[in-house]
>>> print(open('data-v2.txt').read())   # compact mmCIF, C-alpha atoms
# COMPACT_ATOMS: atom_id res chain seq x y z
CA MET A 1 81.04 -68.43 138.97
CA THR A 2 82.47 -71.52 137.29
CA ALA A 3 85.68 -70.87 135.44
CA GLU A 4 88.88 -72.56 134.42
CA GLN A 5 92.06 -71.97 136.41
CA PRO A 6 93.06 -68.28 136.19
CA SER A 7 96.49 -67.20 135.11
CA PRO A 8 98.83 -65.65 137.69
CA ARG A 9 98.85 -61.90 138.14
CA GLY A 10 100.94 -60.18 135.49
CA PHE A 11 100.26 -62.84 132.85
CA ASN A 12 100.08 -61.53 129.30
CA THR A 13 98.95 -63.43 126.24
CA LEU A 14 101.54 -64.00 123.54
CA ASN A 15 100.02 -61.50 121.10
CA GLU A 16 98.91 -58.90 123.65
CA LYS A 17 99.80 -55.33 122.75
CA PRO A 18 101.64 -53.07 125.23
CA LEU A 19 98.75 -50.64 125.75
CA HIS A 20 96.27 -53.44 126.46
CA ALA A 21 98.65 -55.12 128.92
CA ALA A 22 99.47 -51.84 130.70
CA LEU A 23 95.81 -50.94 131.15
CA LYS A 24 95.07 -54.35 132.65
CA GLN A 25 97.87 -53.86 135.16
CA TRP A 26 96.61 -50.36 135.99
CA LEU A 27 93.08 -51.65 136.61
CA ALA A 28 93.97 -54.74 138.61
CA ALA A 29 93.95 -55.15 142.38
CA PRO A 30 96.34 -57.69 143.99
CA GLU A 31 93.66 -60.38 144.36
CA ASP A 32 92.33 -60.10 140.80
CA ALA A 33 92.73 -62.86 138.21
CA PHE A 34 93.89 -62.49 134.61
CA GLU A 35 92.89 -64.48 131.52
CA VAL A 36 90.20 -66.64 133.09
CA LYS A 37 88.31 -68.86 130.66
CA LEU A 38 84.56 -68.55 131.20
CA GLU A 39 81.71 -69.69 128.97
CA GLY A 40 84.14 -70.29 126.14
CA TYR A 41 85.84 -66.89 126.34
CA PHE A 42 89.02 -65.65 127.96
CA ILE A 43 88.28 -62.75 130.29
CA ASP A 44 90.92 -60.03 130.58
CA LEU A 45 90.39 -59.49 134.28
CA ILE A 46 87.99 -60.52 137.04
CA HIS A 47 87.56 -58.11 139.93
CA GLU A 48 85.14 -59.03 142.73
CA GLU A 49 82.94 -61.08 140.36
CA VAL A 50 82.91 -58.32 137.73
CA LEU A 51 84.25 -59.41 134.34
CA ILE A 52 86.44 -56.64 132.94
CA GLU A 53 87.23 -56.44 129.25
CA VAL A 54 89.77 -53.91 127.97
CA GLN A 55 89.19 -52.95 124.34
CA THR A 56 91.61 -50.65 122.54
CA GLY A 57 90.08 -51.29 119.10
CA SER A 58 86.67 -51.84 117.55
CA PHE A 59 83.71 -52.66 119.78
CA GLY A 60 82.28 -54.65 116.89
CA ALA A 61 84.99 -57.27 117.39
CA ILE A 62 83.75 -58.11 120.91
CA ARG A 63 80.02 -57.44 120.59
CA LYS A 64 79.06 -61.11 120.62
CA LYS A 65 81.38 -61.88 123.54
CA LEU A 66 79.96 -59.07 125.67
CA THR A 67 76.37 -59.96 124.83
CA VAL A 68 76.88 -63.59 125.88
CA LEU A 69 78.71 -62.76 129.10
CA CYS A 70 76.17 -60.13 130.19
CA GLU A 71 73.44 -62.74 130.36
CA ASN A 72 74.89 -64.27 133.52
CA HIS A 73 77.57 -61.92 134.83
CA PRO A 74 78.24 -58.25 135.54
CA VAL A 75 80.52 -57.00 132.75
CA ARG A 76 82.53 -53.79 132.51
CA LEU A 77 84.00 -52.69 129.19
CA VAL A 78 87.06 -50.45 129.56
CA TYR A 79 87.95 -48.16 126.67
CA PRO A 80 90.97 -45.80 126.53
CA VAL A 81 90.72 -42.37 124.92
CA ALA A 82 93.96 -40.54 124.19
CA VAL A 83 93.56 -36.93 125.30
CA GLU A 84 97.29 -36.42 124.63
CA LYS A 85 99.49 -38.35 122.25
CA TRP A 86 103.15 -38.43 121.30
CA VAL A 87 104.23 -40.00 118.00
CA VAL A 88 107.56 -41.84 118.00
CA LEU A 89 109.14 -42.49 114.60
CA GLN A 90 111.57 -45.38 114.64
CA PRO A 91 114.96 -44.62 113.04
CA LEU A 92 115.47 -45.40 109.37
CA GLU A 93 119.08 -46.39 109.93
CA ALA A 94 120.38 -49.00 112.36
CA ASP A 95 122.49 -46.41 114.19
CA GLY A 96 119.81 -43.72 114.15
CA SER A 97 117.70 -42.38 116.99
CA PRO A 98 113.91 -42.28 117.24
CA VAL A 99 112.14 -38.97 116.68
CA ARG A 100 109.44 -38.09 119.22
CA ARG A 101 106.92 -35.31 118.71
CA LYS A 102 103.61 -34.33 120.24
CA SER A 103 100.56 -34.97 118.08
CA PRO A 104 98.14 -32.05 117.58
CA ARG A 105 95.24 -34.49 117.84
CA ARG A 106 93.39 -34.49 121.18
CA ASP A 107 90.46 -36.84 121.64
CA SER A 108 87.77 -36.45 124.32
CA LEU A 109 84.92 -38.35 125.96
CA TYR A 110 82.90 -37.79 122.80
CA SER A 111 85.35 -40.06 120.97
CA LEU A 112 83.75 -43.09 122.62
CA PHE A 113 80.79 -42.73 120.23
CA ARG A 114 83.04 -43.77 117.35
CA GLU A 115 82.82 -47.30 118.71
CA LEU A 116 79.63 -47.24 120.79
CA ILE A 117 77.53 -47.43 117.61
CA TYR A 118 78.37 -51.16 117.54
CA LEU A 119 76.60 -51.91 120.82
CA PRO A 120 74.31 -49.08 121.98
CA LYS A 121 71.54 -51.47 123.05
CA LEU A 122 73.93 -53.17 125.45
CA MET A 123 73.96 -50.00 127.56
CA GLN A 124 70.38 -50.85 128.52
CA HIS A 125 71.43 -54.19 130.00
CA PRO A 126 71.57 -54.09 133.83
CA ASN A 127 74.75 -56.20 133.85
CA PHE A 128 76.72 -53.91 131.54
CA SER A 129 78.79 -50.80 132.27
CA LEU A 130 81.33 -48.77 130.31
CA GLN A 131 84.45 -47.24 131.83
CA VAL A 132 86.34 -44.67 129.78
CA LEU A 133 89.96 -44.00 130.70
CA LEU A 134 91.44 -40.70 129.57
CA ILE A 135 95.09 -41.38 128.86
CA GLN A 136 98.36 -40.01 127.61
CA GLU A 137 99.95 -42.39 125.15
CA GLU A 138 102.82 -42.93 122.75
CA GLU A 139 102.14 -44.18 119.25
CA MET A 140 105.08 -46.07 117.80
CA ARG A 141 105.53 -45.89 114.02
CA GLN A 142 107.99 -47.46 111.66
CA SER A 143 108.78 -47.03 107.99
CA ASN A 144 107.02 -49.21 105.43
CA GLY A 145 110.02 -48.92 103.15
CA LYS A 146 108.67 -45.98 101.17
CA THR A 147 109.37 -43.32 103.75
CA ARG A 148 111.03 -40.05 102.94
CA ARG A 149 112.74 -38.27 105.77
CA ARG A 150 110.59 -35.49 107.28
CA HIS A 151 107.44 -36.77 105.52
CA GLU A 152 104.47 -38.37 107.29
CA LYS A 153 103.50 -40.70 104.44
CA GLY A 154 105.12 -44.11 104.60
CA TRP A 155 104.99 -44.42 108.39
CA VAL A 156 102.93 -47.30 109.80
CA LYS A 157 101.55 -47.49 113.35
CA VAL A 158 102.92 -50.60 115.03
CA GLU A 159 101.81 -50.22 118.64
CA ARG A 160 100.50 -47.92 121.34
CA ARG A 161 102.06 -47.47 124.78
CA LEU A 162 100.53 -46.07 127.94
CA ILE A 163 102.20 -43.05 129.54
CA GLN A 164 99.63 -42.47 132.25
CA VAL A 165 95.93 -42.39 133.03
CA VAL A 166 94.84 -38.80 133.68
CA GLY A 167 91.11 -39.26 134.24
CA GLN A 168 88.21 -41.67 134.04
CA ARG A 169 84.46 -41.84 133.87
CA THR A 170 82.06 -44.76 134.26
CA PHE A 171 78.66 -45.04 132.56
CA THR A 172 76.21 -47.60 133.92
CA THR A 173 72.95 -46.48 132.26
CA PRO A 174 71.88 -44.69 129.07
CA ALA A 175 70.94 -41.71 131.23
CA ASP A 176 74.58 -41.44 132.30
CA LEU A 177 75.61 -41.07 128.66
CA SER A 178 72.93 -38.47 127.97
CA THR A 179 74.69 -36.18 130.46
CA LEU A 180 77.32 -35.67 127.75
CA LEU A 181 74.80 -33.59 125.81
CA PRO A 182 75.90 -29.97 126.37
CA GLU A 183 73.39 -27.63 127.96
CA GLU A 184 73.77 -25.05 125.20
CA VAL A 185 71.99 -27.23 122.63
CA GLY A 186 68.77 -26.90 124.62
CA ASN A 187 65.93 -29.41 124.47
CA LEU A 188 65.61 -29.46 120.67
CA PHE A 189 68.62 -29.52 118.39
CA THR A 190 69.97 -30.58 115.03
CA THR A 191 73.06 -32.63 114.24
CA GLN A 192 74.88 -29.49 113.15
CA GLU A 193 73.99 -27.69 116.39
CA LEU A 194 75.25 -30.63 118.45
CA ALA A 195 78.47 -30.75 116.43
CA LYS A 196 79.06 -27.05 117.02
CA ALA A 197 78.32 -27.26 120.76
CA THR A 198 80.63 -30.24 121.28
CA ARG A 199 83.28 -28.97 118.82
CA GLN A 200 83.17 -32.31 117.05
CA PRO A 201 82.74 -33.15 113.35
CA ASP A 202 79.23 -33.71 112.00
CA TRP A 203 79.85 -37.44 111.48
CA LEU A 204 80.68 -37.92 115.17
CA ALA A 205 77.62 -35.90 116.24
CA ARG A 206 75.51 -38.19 114.06
CA ARG A 207 76.95 -41.24 115.81
CA MET A 208 76.23 -39.69 119.19
CA ILE A 209 72.62 -39.03 118.20
CA TYR A 210 72.24 -42.53 116.78
CA CYS A 211 73.50 -44.13 120.00
CA LEU A 212 71.30 -42.04 122.25
CA LYS A 213 68.26 -42.75 120.06
CA GLU A 214 68.92 -46.50 120.25
CA MET A 215 69.19 -46.21 124.04
CA GLY A 216 65.92 -44.31 124.30
CA GLU A 217 67.56 -41.05 125.39
CA LEU A 218 66.66 -39.09 122.23
CA GLN A 219 63.83 -39.21 119.74
CA PRO A 220 62.97 -37.52 116.41
CA ALA A 221 61.15 -34.22 116.88
CA GLY A 222 60.34 -32.93 113.42
CA LYS A 223 62.46 -30.53 111.41
CA ARG A 224 64.05 -27.13 111.55
CA GLY A 225 64.26 -26.04 107.96
CA ARG A 226 65.79 -29.00 106.15
CA SER A 227 67.51 -30.38 109.23
CA ASN A 228 66.11 -33.11 111.46
CA LEU A 229 65.40 -32.16 115.05
CA PHE A 230 66.04 -34.37 118.07
CA ALA A 231 64.75 -34.06 121.62
CA ARG A 232 65.03 -35.67 125.01
CA PRO A 233 61.92 -37.85 125.49
CA GLN A 234 60.82 -36.14 128.71
CA VAL A 235 60.53 -32.74 127.01
CA TRP A 236 59.11 -33.71 123.62
CA LYS A 237 55.38 -33.77 122.99
CA ASP A 238 54.06 -34.92 119.65
CA PRO A 239 51.65 -32.15 118.48
CA PHE A 240 49.49 -34.74 116.72
CA HIS A 241 49.28 -37.05 119.78
CA PRO A 242 49.13 -34.83 122.87
>>> encode(input="data-v2.txt", output="structure tokens")
Amino acid sequence: MTAEQPSPRGFNTLNEKPLHAALKQWLAAPEDAFEVKLEGYFIDLIHEEVLIEVQTGSFGAIRKKLTVLCENHPVRLVYPVAVEKWVVLQPLEADGSPVRRKSPRRDSLYSLFRELIYLPKLMQHPNFSLQVLLIQEEEMRQSNGKTRRRHEKGWVKVERRLIQVVGQRTFTTPADLSTLLPEEVGNLFTTQELAKATRQPDWLARRMIYCLKEMGELQPAGKRGRSNLFARPQVWKDPFHP
């Protein structure tokens, strides 16, 4: 691996957000290198020849980077999912105190499909893997100048902070991701049935189905009433082409 001189351990870029920096530190071993420039890109972390990229935002923003790097190197994309979140409202007055409350929102492994729609084909690449970290986090918010006390509107998210990592799961193949399909949907199911079984909104179930179709883990299987049916390839037989 030919790369430019790595930065010392603990190095953070000037504009790096607290959550991104904390996750890099959590992932890193003592001998790992930060911010190595390779093939025109800065790599978050290199661990035993594996290029590790931490992405707390849209996968679309790094799709090209990951695609290029996977051609010659093993690449692991690390994505945090907040299974518990606390919202911290910064004080409106200079002498005030922040207000911290627990958010009712709880994400899950299924949340990764919000972003995976930007690069489902990459899961088929032998050099690519996806590591999901289940975390507790704080979301810091400040007033945009139009805030009324006790009202949510007018508060702007400014940063996310890691409290702790409470779990993790790594996916190296499309088949690994297909294990997230719940058993209760059976071999043939609709989007609505998947949404009900996973307790997720219909739009997220549609993204899950789209990703698994692109990876070759699901295929269209006719209709049930007005709803499209989907099936795992190994159990579906086309009645017109036995």
>>> closest_residue(input="data-v2.txt", among="A:Trp26, A:Phe113, A:Phe34, A:Phe128", to="A:Val75", atoms="only C-alpha atoms")
A:Phe128
>>> atom_distance(input="data-v2.txt", atom1="atom CA of A:Glu31", atom2="atom CA of A:Ile52")
14.0 Å
>>> closest_residue(input="data-v2.txt", among="A:Trp203, A:Gln142, A:Glu217, A:Leu162", to="A:Ser178", atoms="all atoms listed in the file")
A:Glu217
>>> closest_residue(input="data-v2.txt", among="A:Leu38, A:Leu180, A:Leu122, A:Ala29", to="A:Phe59", atoms="all atoms listed in the file")
A:Leu122
>>> residues_around(input="data-v2.txt", residues="A:Lys17", least_positions_apart="5", cutoff="9 Å", atoms="all atoms listed in the file", output="ChimeraX atom specification")
/A:22,159-161
>>> atom_distance(input="data-v2.txt", atom1="atom CA of A:Leu134", atom2="atom CA of A:Gly167")
4.9 Å
>>> axis_aligned_box(input="data-v2.txt", around="stretch 42-48 of chain A", padding_each_side="6 Å", output="AutoDock Vina command-line options")
--center_x 88.0 --center_y -61.9 --center_z 135.3 --size_x 17.8 --size_y 19.5 --size_z 26.8
>>> atom_distance(input="data-v2.txt", atom1="atom CA of A:Lys24", atom2="atom CA of A:Val78")
9.4 Å
>>> residues_around(input="data-v2.txt", residues="stretch 102-110 of chain A", least_positions_apart="3", cutoff="7 Å", atoms="only C-alpha atoms", output="list in words")
Val81, Ala82, Val83, Glu84, Lys85, Trp86, Val87 and Phe113 of chain A
>>> closest_residue(input="data-v2.txt", among="A:Arg206, A:Arg199, A:Lys65, A:Lys213", to="A:Phe42", atoms="only C-alpha atoms")
A:Lys65
